[in-house]
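J.: Hey, dropping my_file38.tsv in here, TSV, C-alpha atoms:
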```tsv
chain	number	residue	atom	x	y	z
A	1	MET	CA	81.49	106.76	110.13
A	2	SER	CA	81.92	110.05	111.94
A	3	LYS	CA	83.01	113.09	110.00
A	4	SER	CA	86.46	113.02	111.59
A	5	ASP	CA	87.02	109.44	110.32
A	6	LYS	CA	86.65	110.51	106.71
A	7	HIS	CA	89.62	111.29	104.52
A	8	ASP	CA	89.62	115.02	104.09
A	9	HIS	CA	92.30	115.06	101.41
A	10	ASN	CA	91.92	114.47	97.70
A	11	ALA	CA	93.41	111.14	96.71
A	12	ALA	CA	95.75	111.18	93.71
A	13	PRO	CA	93.97	110.15	90.54
A	14	MET	CA	94.30	106.50	89.58
A	15	VAL	CA	93.47	104.32	86.64
A	16	ASP	CA	90.13	102.68	87.40
A	17	GLU	CA	90.18	100.17	84.59
A	18	ILE	CA	91.59	96.68	84.15
A	19	SER	CA	93.60	96.63	80.93
A	20	ASP	CA	94.38	93.59	78.81
A	21	PHE	CA	98.06	94.19	79.50
A	22	GLU	CA	97.56	94.13	83.26
A	23	VAL	CA	95.65	90.86	82.91
A	24	LEU	CA	98.29	89.43	80.56
A	25	GLU	CA	101.11	90.18	82.99
A	26	VAL	CA	99.35	88.37	85.84
A	27	ALA	CA	98.36	85.45	83.60
A	28	VAL	CA	101.91	84.90	82.30
A	29	ARG	CA	103.32	85.04	85.83
A	30	GLU	CA	100.73	82.63	87.20
A	31	LEU	CA	101.24	80.15	84.36
A	32	CYS	CA	104.99	80.20	85.01
A	33	ILE	CA	104.32	79.41	88.67
A	34	GLU	CA	101.80	76.72	87.75
A	35	LYS	CA	104.35	75.11	85.41
A	36	GLY	CA	106.94	75.11	88.19
A	37	LEU	CA	109.35	77.55	86.52
A	38	PHE	CA	109.58	79.57	89.72
A	39	THR	CA	107.69	80.03	92.95
A	40	GLN	CA	105.60	82.93	94.15
A	41	GLU	CA	108.16	83.38	96.92
A	42	ASP	CA	111.04	83.72	94.39
A	43	HIS	CA	109.02	86.27	92.51
A	44	ASN	CA	108.12	88.26	95.62
A	45	GLU	CA	111.75	88.42	96.64
A	46	TRP	CA	112.78	89.86	93.27
A	47	THR	CA	109.89	92.31	93.22
A	48	GLU	CA	110.74	93.65	96.66
A	49	TYR	CA	114.38	93.99	95.62
A	50	MET	CA	113.46	95.75	92.36
A	51	HIS	CA	111.38	98.28	94.27
A	52	THR	CA	114.46	99.34	96.24
A	53	LEU	CA	116.46	100.27	93.14
A	54	GLY	CA	117.00	103.76	91.78
A	55	PRO	CA	119.73	106.17	90.62
A	56	LEU	CA	120.30	107.82	94.02
A	57	PRO	CA	123.17	105.58	95.26
A	58	ALA	CA	125.19	106.17	92.08
A	59	GLY	CA	124.58	109.91	92.38
A	60	ARG	CA	125.82	109.81	95.96
A	61	LEU	CA	128.89	107.80	94.97
A	62	VAL	CA	129.85	110.48	92.46
A	63	ALA	CA	129.18	113.29	94.93
A	64	LYS	CA	131.34	111.59	97.58
A	65	ALA	CA	134.12	111.09	95.06
A	66	TRP	CA	134.01	114.76	94.07
A	67	LEU	CA	134.58	115.69	97.72
A	68	ASP	CA	137.08	113.00	98.71
A	69	PRO	CA	140.06	112.13	96.45
A	70	GLU	CA	140.76	108.94	98.41
A	71	TYR	CA	137.22	107.74	97.88
A	72	LYS	CA	137.48	108.66	94.20
A	73	GLN	CA	140.54	106.41	93.94
A	74	LEU	CA	138.62	103.62	95.69
A	75	CYS	CA	135.85	104.02	93.10
A	76	ILE	CA	138.41	103.46	90.36
A	77	ASP	CA	140.29	100.61	92.09
A	78	ASP	CA	137.47	98.71	93.76
A	79	PRO	CA	133.98	99.83	92.76
A	80	VAL	CA	132.36	96.95	94.69
A	81	LYS	CA	133.94	98.21	97.92
A	82	ALA	CA	133.20	101.84	97.08
A	83	SER	CA	129.54	100.95	96.46
A	84	LEU	CA	129.23	99.54	99.98
A	85	GLU	CA	129.71	103.07	101.30
A	86	VAL	CA	126.56	104.19	99.50
A	87	GLY	CA	124.60	101.16	100.69
A	88	ILE	CA	124.94	98.92	97.63
A	89	ASP	CA	126.26	95.40	98.02
A	90	TRP	CA	126.80	94.08	94.48
A	91	ILE	CA	127.66	90.61	95.66
A	92	ASN	CA	125.27	89.72	98.45
A	93	SER	CA	122.20	91.87	98.02
A	94	MET	CA	120.92	90.26	94.82
A	95	PRO	CA	118.11	87.82	95.58
A	96	SER	CA	120.02	85.09	93.69
A	97	LYS	CA	122.91	85.39	96.20
A	98	PHE	CA	125.26	83.70	93.77
A	99	GLY	CA	128.33	85.38	95.17
A	100	THR	CA	131.20	86.76	93.17
A	101	PRO	CA	130.83	84.86	89.89
A	102	SER	CA	127.28	86.02	89.45
A	103	ASP	CA	125.85	88.56	87.11
A	104	TYR	CA	126.44	92.25	87.89
A	105	CYS	CA	129.52	91.70	90.05
A	106	ASN	CA	132.03	93.59	87.95
A	107	PRO	CA	131.02	97.25	88.12
A	108	ARG	CA	133.38	99.85	86.70
A	109	ILE	CA	133.42	103.59	87.32
A	110	LEU	CA	134.50	105.61	84.28
A	111	VAL	CA	136.05	108.90	85.30
A	112	ASP	CA	135.61	111.80	82.88
A	113	THR	CA	138.35	114.41	82.45
A	114	PRO	CA	138.32	117.77	80.65
A	115	THR	CA	139.50	115.98	77.49
A	116	LEU	CA	137.73	112.63	77.86
A	117	LYS	CA	133.99	111.94	78.01
A	118	HIS	CA	132.60	108.47	78.69
A	119	VAL	CA	129.21	107.19	77.66
A	120	VAL	CA	127.65	103.79	78.31
A	121	VAL	CA	125.78	101.47	75.98
A	122	CYS	CA	124.96	97.79	75.71
A	123	THR	CA	125.16	96.79	72.07
A	124	LEU	CA	124.00	93.22	72.72
A	125	CYS	CA	120.84	93.86	74.73
A	126	SER	CA	120.36	96.37	77.54
A	127	CYS	CA	122.80	95.45	80.34
A	128	TYR	CA	122.69	98.26	82.88
A	129	PRO	CA	124.09	98.75	86.41
A	130	ARG	CA	120.68	98.28	88.00
A	131	PRO	CA	121.82	97.64	91.59
A	132	ILE	CA	123.18	101.18	91.76
A	133	LEU	CA	121.24	102.97	89.01
A	134	GLY	CA	117.76	101.39	88.95
A	135	GLN	CA	115.83	100.45	85.84
A	136	SER	CA	117.18	101.53	82.47
A	137	PRO	CA	115.29	104.20	80.53
A	138	GLU	CA	113.37	103.10	77.46
A	139	TRP	CA	115.72	104.78	74.98
A	140	TYR	CA	118.70	102.87	76.41
A	141	ARG	CA	117.04	99.64	75.32
A	142	THR	CA	116.29	100.72	71.75
A	143	PRO	CA	118.32	99.14	68.94
A	144	ASN	CA	118.88	102.53	67.33
A	145	TYR	CA	120.66	103.92	70.43
A	146	ARG	CA	122.71	100.75	70.83
A	147	ARG	CA	123.64	100.54	67.17
A	148	ARG	CA	124.43	104.18	66.59
A	149	MET	CA	126.15	105.14	69.84
A	150	VAL	CA	129.12	102.89	69.13
A	151	ARG	CA	129.44	104.22	65.57
A	152	TRP	CA	128.60	107.91	65.85
A	153	PRO	CA	128.75	108.85	69.53
A	154	ARG	CA	129.26	112.56	68.94
A	155	GLN	CA	126.16	112.76	66.77
A	156	VAL	CA	124.02	110.72	69.16
A	157	LEU	CA	125.16	112.77	72.16
A	158	SER	CA	124.21	115.92	70.29
A	159	GLU	CA	120.71	114.48	69.89
A	160	PHE	CA	120.56	114.44	73.70
A	161	GLY	CA	121.57	118.11	73.63
A	162	LEU	CA	125.15	117.41	74.61
A	163	GLN	CA	127.48	119.21	72.19
A	164	LEU	CA	131.10	118.40	72.96
A	165	PRO	CA	134.10	120.33	71.61
A	166	GLU	CA	136.12	118.49	68.96
A	167	ASP	CA	139.12	118.22	71.28
A	168	VAL	CA	137.15	116.15	73.78
A	169	GLU	CA	137.63	112.46	73.07
A	170	ILE	CA	134.49	110.35	73.46
A	171	ARG	CA	134.94	106.82	74.77
A	172	VAL	CA	131.97	104.45	74.52
A	173	ALA	CA	131.86	101.62	77.06
A	174	ASP	CA	129.96	98.54	75.92
A	175	SER	CA	128.35	96.75	78.88
A	176	ASN	CA	127.90	93.03	79.12
A	177	GLN	CA	126.38	90.55	81.50
A	178	LYS	CA	129.29	90.76	83.94
A	179	THR	CA	130.62	94.27	83.50
A	180	ARG	CA	128.41	97.27	84.19
A	181	TYR	CA	129.57	100.86	83.86
A	182	VAL	CA	128.74	104.09	85.64
A	183	VAL	CA	130.12	107.42	84.42
A	184	MET	CA	131.66	109.84	86.91
A	185	PRO	CA	131.30	113.24	85.24
A	186	ILE	CA	133.37	116.30	86.05
A	187	ARG	CA	132.10	118.36	88.97
A	188	PRO	CA	130.46	121.43	87.46
A	189	ASP	CA	131.42	125.02	88.15
A	190	GLY	CA	129.25	126.86	90.63
A	191	THR	CA	129.20	124.03	93.17
A	192	GLU	CA	132.11	125.22	95.31
A	193	GLY	CA	131.43	124.71	99.02
A	194	TRP	CA	128.44	122.44	98.39
A	195	THR	CA	127.67	119.52	100.69
A	196	GLU	CA	127.48	115.88	99.62
A	197	ASP	CA	123.67	116.03	99.74
A	198	GLN	CA	123.58	119.10	97.51
A	199	LEU	CA	125.97	117.55	95.02
A	200	THR	CA	124.03	114.27	94.97
A	201	GLU	CA	120.93	116.14	93.85
A	202	ILE	CA	122.49	117.33	90.59
A	203	VAL	CA	123.94	113.98	89.49
A	204	THR	CA	121.04	112.79	87.39
A	205	ARG	CA	120.55	109.37	85.83
A	206	ASP	CA	121.50	110.67	82.38
A	207	CYS	CA	124.76	112.13	83.78
A	208	LEU	CA	125.60	108.67	85.14
A	209	ILE	CA	124.96	107.03	81.75
A	210	GLY	CA	127.05	109.77	80.15
A	211	VAL	CA	124.52	111.41	77.86
A	212	ALA	CA	124.29	114.58	79.97
A	213	LEU	CA	126.52	116.74	82.13
A	214	PRO	CA	125.64	117.82	85.67
A	215	ARG	CA	124.76	121.46	86.14
A	216	ALA	CA	124.59	123.52	89.30
A	217	ASP	CA	121.10	124.72	88.35
A	218	ARG	CA	119.55	121.37	87.47
A	219	LYS	CA	118.46	118.83	90.09
A	220	ALA	CA	117.38	115.26	89.39
A	221	ASP	CA	113.90	115.87	90.78
A	222	ASP	CA	113.31	119.26	89.16
A	223	LYS	CA	109.99	119.72	87.47
A	224	ARG	CA	110.32	119.68	83.69
A	225	PRO	CA	110.47	123.24	82.35
A	226	ILE	CA	107.53	124.52	80.36
A	227	HIS	CA	108.42	127.30	77.96
A	228	LYS	CA	105.76	129.35	76.29
A	229	ALA	CA	105.88	129.22	72.53
A	230	VAL	CA	107.58	132.22	70.99
A	231	HIS	CA	105.44	132.06	67.86
A	232	PRO	CA	102.37	130.03	68.89
A	233	TYR	CA	100.56	128.45	66.00
A	234	GLY	CA	97.20	129.98	65.13
A	235	HIS	CA	97.51	133.08	67.33
B	1	MET	CA	119.59	82.27	65.95
B	2	PRO	CA	119.14	79.39	63.46
B	3	LYS	CA	116.80	80.26	60.57
B	4	LYS	CA	114.33	77.54	61.52
B	5	ASN	CA	113.98	78.92	65.06
B	6	LEU	CA	113.74	82.46	63.74
B	7	ASN	CA	110.91	81.52	61.39
B	8	LYS	CA	109.09	79.84	64.26
B	9	LEU	CA	109.54	82.92	66.45
B	10	ARG	CA	108.13	85.10	63.65
B	11	GLU	CA	104.87	83.15	63.47
B	12	LYS	CA	102.13	85.40	64.78
B	13	ILE	CA	100.07	84.51	67.84
B	14	PRO	CA	96.48	85.76	67.35
B	15	LEU	CA	95.75	86.23	71.06
B	16	LEU	CA	98.80	88.45	71.54
B	17	GLU	CA	98.29	90.25	68.24
B	18	ASP	CA	94.76	91.18	69.32
B	19	ILE	CA	96.00	92.48	72.66
B	20	GLY	CA	98.65	94.51	70.83
B	21	LYS	CA	96.00	96.00	68.52
B	22	ASP	CA	93.10	96.52	70.92
B	23	GLY	CA	94.63	96.60	74.41
B	24	ARG	CA	94.69	99.99	76.06
B	25	VAL	CA	98.26	101.05	76.71
B	26	TRP	CA	99.39	102.80	79.88
B	27	SER	CA	99.97	106.19	78.24
B	28	ASP	CA	96.35	106.28	77.01
B	29	LEU	CA	95.00	105.26	80.41
B	30	CYS	CA	97.12	107.92	82.11
B	31	LYS	CA	95.74	110.56	79.80
B	32	GLN	CA	92.15	109.50	80.43
B	33	TYR	CA	92.45	109.23	84.21
B	34	GLY	CA	94.86	112.11	84.78
B	35	VAL	CA	97.61	109.87	86.19
B	36	GLU	CA	101.22	111.03	85.99
B	37	ASN	CA	103.12	107.86	86.93
B	38	PRO	CA	105.26	107.07	83.86
B	39	ASP	CA	105.17	103.30	84.42
B	40	PRO	CA	102.19	100.96	84.66
B	41	PRO	CA	101.80	99.23	88.04
B	42	TRP	CA	102.77	95.89	86.49
B	43	ARG	CA	106.15	97.11	85.18
B	44	ILE	CA	108.17	95.94	88.19
B	45	THR	CA	106.40	92.57	88.45
B	46	LEU	CA	107.09	92.02	84.75
B	47	GLU	CA	110.78	92.79	85.33
B	48	SER	CA	110.78	90.35	88.24
B	49	THR	CA	109.25	87.63	86.07
B	50	CYS	CA	112.02	88.16	83.51
B	51	GLU	CA	114.62	88.02	86.29
B	52	VAL	CA	113.40	84.81	87.89
B	53	LEU	CA	113.07	83.16	84.49
B	54	ASN	CA	116.73	84.04	83.90
B	55	GLU	CA	118.31	83.71	87.34
B	56	GLY	CA	116.41	81.07	89.17
B	57	ALA	CA	114.78	78.91	86.52
B	58	CYS	CA	117.32	79.46	83.70
B	59	ALA	CA	114.24	78.90	81.52
B	60	LEU	CA	114.75	82.02	79.46
B	61	PRO	CA	118.28	83.48	79.62
B	62	VAL	CA	118.40	87.26	79.48
B	63	LEU	CA	120.35	87.50	76.21
B	64	GLU	CA	117.98	85.14	74.43
B	65	ARG	CA	114.94	86.98	75.75
B	66	ARG	CA	116.25	90.41	74.78
B	67	ASP	CA	117.33	89.20	71.35
B	68	GLU	CA	113.87	87.80	70.69
B	69	GLU	CA	112.25	90.94	72.13
B	70	ASP	CA	114.25	93.07	69.69
B	71	LYS	CA	113.21	90.93	66.73
B	72	LEU	CA	109.55	90.82	67.76
B	73	SER	CA	109.55	94.55	68.51
B	74	GLU	CA	110.79	95.31	65.02
B	75	GLU	CA	108.44	92.95	63.23
B	76	ILE	CA	105.24	91.92	65.00
B	77	TYR	CA	104.76	94.39	67.86
B	78	LYS	CA	106.33	97.47	66.30
B	79	ASP	CA	103.24	99.64	66.84
B	80	VAL	CA	102.99	98.78	70.55
B	81	PRO	CA	104.81	101.09	72.99
B	82	TYR	CA	107.22	99.98	75.73
B	83	PRO	CA	106.80	98.32	78.24
B	84	GLU	CA	103.66	96.78	76.71
B	85	ARG	CA	105.70	95.31	73.86
B	86	GLN	CA	108.20	93.83	76.34
B	87	LEU	CA	105.29	91.98	77.93
B	88	LEU	CA	103.91	90.79	74.57
B	89	ALA	CA	107.38	89.64	73.50
B	90	LEU	CA	107.87	87.71	76.74
B	91	ALA	CA	104.52	85.94	76.37
B	92	HIS	CA	105.31	85.27	72.69
B	93	SER	CA	108.72	83.75	73.53
B	94	MET	CA	107.24	81.59	76.29
B	95	ILE	CA	104.58	80.19	73.95
B	96	LYS	CA	107.05	79.56	71.11
B	97	LYS	CA	109.36	77.73	73.51
B	98	GLY	CA	106.48	75.53	74.60
B	99	PHE	CA	106.30	76.58	78.25
B	100	PHE	CA	102.57	77.07	77.79
B	101	ARG	CA	100.09	77.14	74.92
B	102	GLU	CA	98.20	80.10	73.50
B	103	GLU	CA	94.90	78.48	74.53
B	104	GLU	CA	96.13	78.00	78.10
B	105	LEU	CA	97.12	81.65	78.25
B	106	GLY	CA	93.69	82.69	76.97
B	107	VAL	CA	91.94	80.61	79.64
B	108	GLN	CA	94.23	81.96	82.35
B	109	MET	CA	93.59	85.54	81.21
B	110	GLU	CA	89.84	85.00	81.49
B	111	LYS	CA	90.27	83.65	85.03
B	112	VAL	CA	92.50	86.57	85.99
B	113	TYR	CA	90.12	89.12	84.50
B	114	LYS	CA	87.16	87.69	86.42
B	115	ARG	CA	89.18	87.75	89.62
B	116	LEU	CA	90.45	91.31	89.18
B	117	SER	CA	87.04	92.68	88.23
B	118	ALA	CA	85.18	90.98	91.10
B	119	GLY	CA	83.15	93.46	93.13
B	120	THR	CA	83.08	96.13	90.42
```
What's the structure tokens form of this structure?
T.:
Amino acid sequence: MSKSDKHDHNAAPMVDEISDFEVLEVAVRELCIEKGLFTQEDHNEWTEYMHTLGPLPAGRLVAKAWLDPEYKQLCIDDPVKASLEVGIDWINSMPSKFGTPSDYCNPRILVDTPTLKHVVVCTLCSCYPRPILGQSPEWYRTPNYRRRMVRWPRQVLSEFGLQLPEDVEIRVADSNQKTRYVVMPIRPDGTEGWTEDQLTEIVTRDCLIGVALPRADRKADDKRPIHKAVHPYGH
Amino acid sequence: MPKKNLNKLREKIPLLEDIGKDGRVWSDLCKQYGVENPDPPWRITLESTCEVLNEGACALPVLERRDEEDKLSEEIYKDVPYPERQLLALAHSMIKKGFFREEELGVQMEKVYKRLSAGT
């Protein structure tokens, strides 16, 4: 190999070890295929679909609605149609292609107001609007979030750092297999004159679940802040 | 869930218990190898397996799977982080429902390990 053929960049570090969990995942999948529960092709189709999912389309939907009152009304009246404009087809893009009666086909957009804050939970399991929001975070799946959010939403939101004034009503939406919710928060101050792309960047996943509020100074892909300790231990 | 089924679900499976105790979880591997990806590479394929078992095969409906995962996560696999415990719970449910046996899974894991480690 000539020198110019060599990679001259440093590859990102990777895990060079086969874990029991990695082996277990493959073994379970292969046994399912061997037993005829599904085919490799079915599995590949789902995997490819899953890789396309993320929170960006929901962020864009909110940003568009902030800029266009007619689109905002469409989000409220017909979320399936509104989702098409951000590239998400709730009915036909699922690999199962079951059509309208299938899972996921009843999305709802919950519009916050200055006196009403929505937050989403699934008390039964972890139903989540994956076609438009990607995979759910780990905490969303935990029984303690699901159990407590419906009972003490104000307290749980404060654990996320979201302190709401007493005069703001909190409405908790409980998802189920058919109905999936996305929160449309209020457009924050300091974003006047912003483009749709700029607005999309500040609508993070947590804002869309309802446990955070968008801020003009906080983008979804910001690096996590590192603050030096004020009173470092042992120094 | 009827009590009889719940008791059956709660029976431990030594193979999976050992993996839960001794298997190296993704967060530890990331620390050792300096990797920042929050999810193990098998996370999406695991999700796909759960989906096809629910959607296509109707072998393990999502509500049933998640209910069992919650119970197993609280009792048997409580010290295992997510998504490793999701994987253990899925394998546990599949064995308890008779889709495959613990011994079969052990044999398949050996085959998979040999295949994945070939050439190392």
J.: Pick from B:Ile44, B:Met109, B:Val35, B:Leu90: nearest to B:Asp67, with all atoms listed in the file counted?
T.: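 Among the listed residues, the smallest separation from B:Asp67 belongs to B:Leu90.
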J.: Considering all atoms listed in the file, return as a list in words whatever protein or nucleic-acid residues lie within 12 Å of B:Lys12, sequence-local ones (same chain, fewer than 6 positions apart) excluded.
T.: Asp18, Gly20, Leu72, Glu75, Ile76, Tyr77, Leu88, Ala89, Ala91, His92, Ser93, Ile95, Lys96 and Glu102 of chain B
J.: Each residue of chain A with at least one atom at most 8 Å from chain B should appear once, together with its nearest atom pair and the corresponding distance in Å (one decimal); atoms considered: only C-alpha atoms; ordering: chain, then increasing residue number; output as JSON lines.
T.:
```
{"residue": "A:Ala12", "atom": "CA", "partner": "B:Val35", "partner_atom": "CA", "distance": 7.9}
{"residue": "A:Pro13", "atom": "CA", "partner": "B:Val35", "partner_atom": "CA", "distance": 5.7}
{"residue": "A:Met14", "atom": "CA", "partner": "B:Val35", "partner_atom": "CA", "distance": 5.8}
{"residue": "A:Val15", "atom": "CA", "partner": "B:Tyr33", "partner_atom": "CA", "distance": 5.6}
{"residue": "A:Asp16", "atom": "CA", "partner": "B:Tyr33", "partner_atom": "CA", "distance": 7.6}
{"residue": "A:Ile18", "atom": "CA", "partner": "B:Ser117", "partner_atom": "CA", "distance": 7.3}
{"residue": "A:Ser19", "atom": "CA", "partner": "B:Arg24", "partner_atom": "CA", "distance": 6.0}
{"residue": "A:Asp20", "atom": "CA", "partner": "B:Gly23", "partner_atom": "CA", "distance": 5.3}
{"residue": "A:Phe21", "atom": "CA", "partner": "B:Gly23", "partner_atom": "CA", "distance": 6.6}
{"residue": "A:Glu22", "atom": "CA", "partner": "B:Trp42", "partner_atom": "CA", "distance": 6.4}
{"residue": "A:Val23", "atom": "CA", "partner": "B:Met109", "partner_atom": "CA", "distance": 6.0}
{"residue": "A:Leu24", "atom": "CA", "partner": "B:Met109", "partner_atom": "CA", "distance": 6.1}
{"residue": "A:Glu25", "atom": "CA", "partner": "B:Leu46", "partner_atom": "CA", "distance": 6.5}
{"residue": "A:Val26", "atom": "CA", "partner": "B:Val112", "partner_atom": "CA", "distance": 7.1}
{"residue": "A:Ala27", "atom": "CA", "partner": "B:Met109", "partner_atom": "CA", "distance": 5.3}
{"residue": "A:Val28", "atom": "CA", "partner": "B:Ala91", "partner_atom": "CA", "distance": 6.6}
{"residue": "A:Arg29", "atom": "CA", "partner": "B:Thr49", "partner_atom": "CA", "distance": 6.5}
{"residue": "A:Leu31", "atom": "CA", "partner": "B:Phe100", "partner_atom": "CA", "distance": 7.4}
{"residue": "A:Cys32", "atom": "CA", "partner": "B:Phe99", "partner_atom": "CA", "distance": 7.8}
{"residue": "A:Lys35", "atom": "CA", "partner": "B:Phe99", "partner_atom": "CA", "distance": 7.6}
{"residue": "A:Leu37", "atom": "CA", "partner": "B:Ala57", "partner_atom": "CA", "distance": 5.6}
{"residue": "A:Phe38", "atom": "CA", "partner": "B:Ala57", "partner_atom": "CA", "distance": 6.1}
{"residue": "A:Asp42", "atom": "CA", "partner": "B:Val52", "partner_atom": "CA", "distance": 7.0}
{"residue": "A:His43", "atom": "CA", "partner": "B:Ser48", "partner_atom": "CA", "distance": 6.2}
{"residue": "A:Trp46", "atom": "CA", "partner": "B:Ser48", "partner_atom": "CA", "distance": 5.4}
{"residue": "A:Thr47", "atom": "CA", "partner": "B:Ser48", "partner_atom": "CA", "distance": 5.4}
{"residue": "A:Met50", "atom": "CA", "partner": "B:Ile44", "partner_atom": "CA", "distance": 6.7}
{"residue": "A:His51", "atom": "CA", "partner": "B:Ile44", "partner_atom": "CA", "distance": 7.3}
{"residue": "A:Ser96", "atom": "CA", "partner": "B:Glu55", "partner_atom": "CA", "distance": 6.7}
{"residue": "A:Leu124", "atom": "CA", "partner": "B:Leu63", "partner_atom": "CA", "distance": 7.6}
{"residue": "A:Cys125", "atom": "CA", "partner": "B:Arg66", "partner_atom": "CA", "distance": 5.7}
{"residue": "A:Ser126", "atom": "CA", "partner": "B:Arg66", "partner_atom": "CA", "distance": 7.7}
{"residue": "A:Glu138", "atom": "CA", "partner": "B:Tyr82", "partner_atom": "CA", "distance": 7.1}
{"residue": "A:Pro143", "atom": "CA", "partner": "B:Asp70", "partner_atom": "CA", "distance": 7.3}
```
J.: Ranking A:Leu133, A:Leu56, A:Ala173, A:Ile33 by minimum distance to A:Asp197 and counting only C-alpha atoms, which one comes first?
T.: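 The answer is A:Leu56, which sits nearest to A:Asp197.
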J.: From the options A:Pro55, A:Trp139, A:Glu169, A:Asp89, which residue's atoms come nearest to A:Leu116, counting all atoms listed in the file?
T.: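 Closest residue, counting all atoms listed in the file: A:Glu169.
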J.: May I have the residues within 12 Å of A:Trp152 as a compact mmCIF listing (two decimals) with C-alpha atoms, keeping the file's coordinate frame, using only C-alpha atoms and disregarding those fewer than 5 positions away in the same chain?
T.:
```
# COMPACT_ATOMS: atom_id res chain seq x y z
CA VAL A 119 129.21 107.19 77.66
CA ASN A 144 118.88 102.53 67.33
CA TYR A 145 120.66 103.92 70.43
CA ARG A 146 122.71 100.75 70.83
CA ARG A 147 123.64 100.54 67.17
CA LEU A 157 125.16 112.77 72.16
CA SER A 158 124.21 115.92 70.29
CA GLU A 159 120.71 114.48 69.89
CA ILE A 170 134.49 110.35 73.46
CA ARG A 171 134.94 106.82 74.77
CA VAL A 172 131.97 104.45 74.52
```
J.: What is the distance between atom CA of A:Asp78 and atom CA of A:Glu201, in Å to one decimal?
T.: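 Calculated distance between atom CA of A:Asp78 and atom CA of A:Glu201 is 24.0 Å.
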J.: May I ask for the distance between atom CA of A:Ala82 and atom CA of A:Ala216, given in Å to one decimal place?
T.: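 Separation between atom CA of A:Ala82 and atom CA of A:Ala216: 24.6 Å.
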J.: Choose the residue, out of A:Met149, A:Leu164, A:Val121, A:Val86, that has the smallest atom-to-atom separation from A:Gly59; count all atoms listed in the file.
T.: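 For A:Gly59, the nearest of the given residues is A:Val86.
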J.: What is the distance between atom CA of A:Thr200 and atom CA of A:Ala220, in Å to one decimal?
T.: 8.7 Å
